[in-house]
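A quick write-up on the structure given underneath.
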Amino acid sequence: MNKGDPGYFYAVIDQKQYNLTFSQQEFVQKNADKLPLVELMQKTFKEPTLNEKSVEYDEIRKYVAKIKRGVQKIDFTEDQILFIEYNSSAMKPFELAKNIFPDRDLKPLSAETQLISEYLKALGLLNSDGKENDEYKPPKAAASIVRKINQADCNANFDANDLTPFQKKCVESLRSYLQSIRFCGYMRIFDEADMKEMFEEEFVKGTYDKPDLNSEELNMYINLCAEYVNIHVVHRNKTVIENKINNTLTGDGGEDEKKLYMTWVDLLQRREDDLHKSKKRAEDLQVKLSSTRSKRLESLTQANESLTKFGKNGKMKRVAKEFLKLRRLAINL
């Protein structure tokens, strides 16, 4: 489904609200009157073990209730949807609505305004209060996570509506990584939006295809991405200082100006030292991450090979002991 398809606008909102992909929504819509809720849920999520106590049951129940209740929809064209997305950072939902429907007598609480707000919330561009996001909110919907993956790595090509088993595992793991206390703590430390964006994008790029990270590796990736941001900040400060020095050199060469020049030179040297140290820390973290992860994966491979070997000989007790021993070793590396 793309922006030009009928129902796309509402499918995005429902995807966020009910945690259902486009294909799952379509399946429920076609079968809501044909199947009992439990069977409908099991077939929607392709998981026969789900029951009335499952979280998915409540989502399906609410979505089916919405379908049967019926809601009068306002049509949004592809051009209008693109206008909303491209101008969301510059205009409030009410302003967007007035530009899209100039011939309607709209109010801040008109249906058009509220629908645009819901759409922007589903994309992660507004928080629950309808205000622009200034505090990091880790994404929960699979579609939002997939969007971040594809933005961070142009070669990822994840399709939120057609994920392979491995890609689903990657999305679920990345969801938990982005919700970790330490990651969210760093996102709140950075004051500027571009720093937050850089930190998150570098983190997603480095971890989205590694669904088996342990806590030590996760912390090292967070530290590494923080260093990338620090390198950017120091580079920027260094450029400012170099401009100050150049401006001072164009003066008349008075005594006060010479003192000021030396102050900027000293400061520049300190920033260059900071830059060197930050780059060195990043390089060391990359080497350590590669080494630690390689050793752990090698140990897990040995554990699996041992399990297969002993299993073929029928020595199940020995299999269990050997597997647990190697697994503990792998986890503690």
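Lettering and numbering for the structure tokens are positional, with chains as A, B, ... in the shown order, residues counted from 1 in each chain, and ligands counted from 1 in the shown order.
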Need the shell around A:Ile100: protein/DNA/RNA residues with any atom at most 9 Å away, counting only C-alpha atoms. Skip same-chain ones fewer than 6 positions apart. Format as a list of chain:residue names? A:Gln80, A:Phe83, A:Ile84
May I have the residues within 10 Å of A:Lys288 as a ChimeraX atom specification, using only C-alpha atoms and disregarding those fewer than 5 positions away in the same chain? /A:217,220,282-283,293-294
Just the selected residues (C-alpha atoms), exported as a PDB file, in the first residue's frame, please.
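Written output follows (again01.pdb):
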ATOM      1  CA  GLU A 217      27.843  -5.031  23.578  1.00  0.00           C
ATOM      2  CA  MET A 220      29.580  -0.327  23.868  1.00  0.00           C
ATOM      3  CA  ALA A 282      35.902   5.483  18.895  1.00  0.00           C
ATOM      4  CA  GLU A 283      38.556   3.361  17.172  1.00  0.00           C
ATOM      5  CA  ARG A 293      31.344 -10.169  19.552  1.00  0.00           C
ATOM      6  CA  SER A 294      33.474 -12.522  17.417  1.00  0.00           C
TER       7      SER A 294
END
Give me, please, the distance in Å between atom CA of A:Ala142 and atom CA of A:Glu200, quoted to one decimal. 16.4 Å
As a check of understanding: the span from atom CA of A:Tyr221 to atom CA of A:Asp273 is 23.2 Å
With distances taken over only C-alpha atoms, which residue among A:Ala160, A:Ile231, A:Cys170, A:Met91 lies nearest A:Gln15? A:Ala160
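Nearest to A:Thr239 of all the residues A:Asp162, A:Glu201, A:Glu272, A:Asp212 is A:Glu272, counting only C-alpha atoms.
Residues lying within 12 Å of A:Met41, counting only C-alpha atoms and ignoring same-chain neighbours fewer than 5 positions away, are Leu20, Gln24, Gln25, Phe27, Val28, Asn31, Ala32, Leu35, Pro36, Lys46, Glu47, Pro48, Thr49, Leu50, Asn51, Glu52, Lys53, Ser54, Val55, Glu56, Tyr57, Asp58, Glu59, Ile60, Arg61, Lys62, Tyr63 and Val64 of chain A.
Non-sequential neighbours of A:Pro138 (distance at most 8 Å, separation of 6 or more positions within a chain, only C-alpha atoms) are Arg175, Leu178, Gln179 and Cys184 of chain A.
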Just-selected residues, C-alpha atoms written as a PDB file, in the first residue's frame:
ATOM      1  CA  ARG A 175      12.628  -1.977  19.639  1.00  0.00           C
ATOM      2  CA  LEU A 178      15.800   1.835  21.671  1.00  0.00           C
ATOM      3  CA  GLN A 179      13.692   1.490  24.825  1.00  0.00           C
ATOM      4  CA  CYS A 184      16.980   6.929  26.294  1.00  0.00           C
TER       5      CYS A 184
END
Every residue of stretch 70-161 of chain A that DSSP places in alpha helix (DSSP H), as a ChimeraX atom specification: /A:78-87,93-100,111-122,142-152
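For the atom pair formed by atom CA of A:Val171 and atom CA of A:Leu224, the distance is 21.0 Å, given to one decimal.
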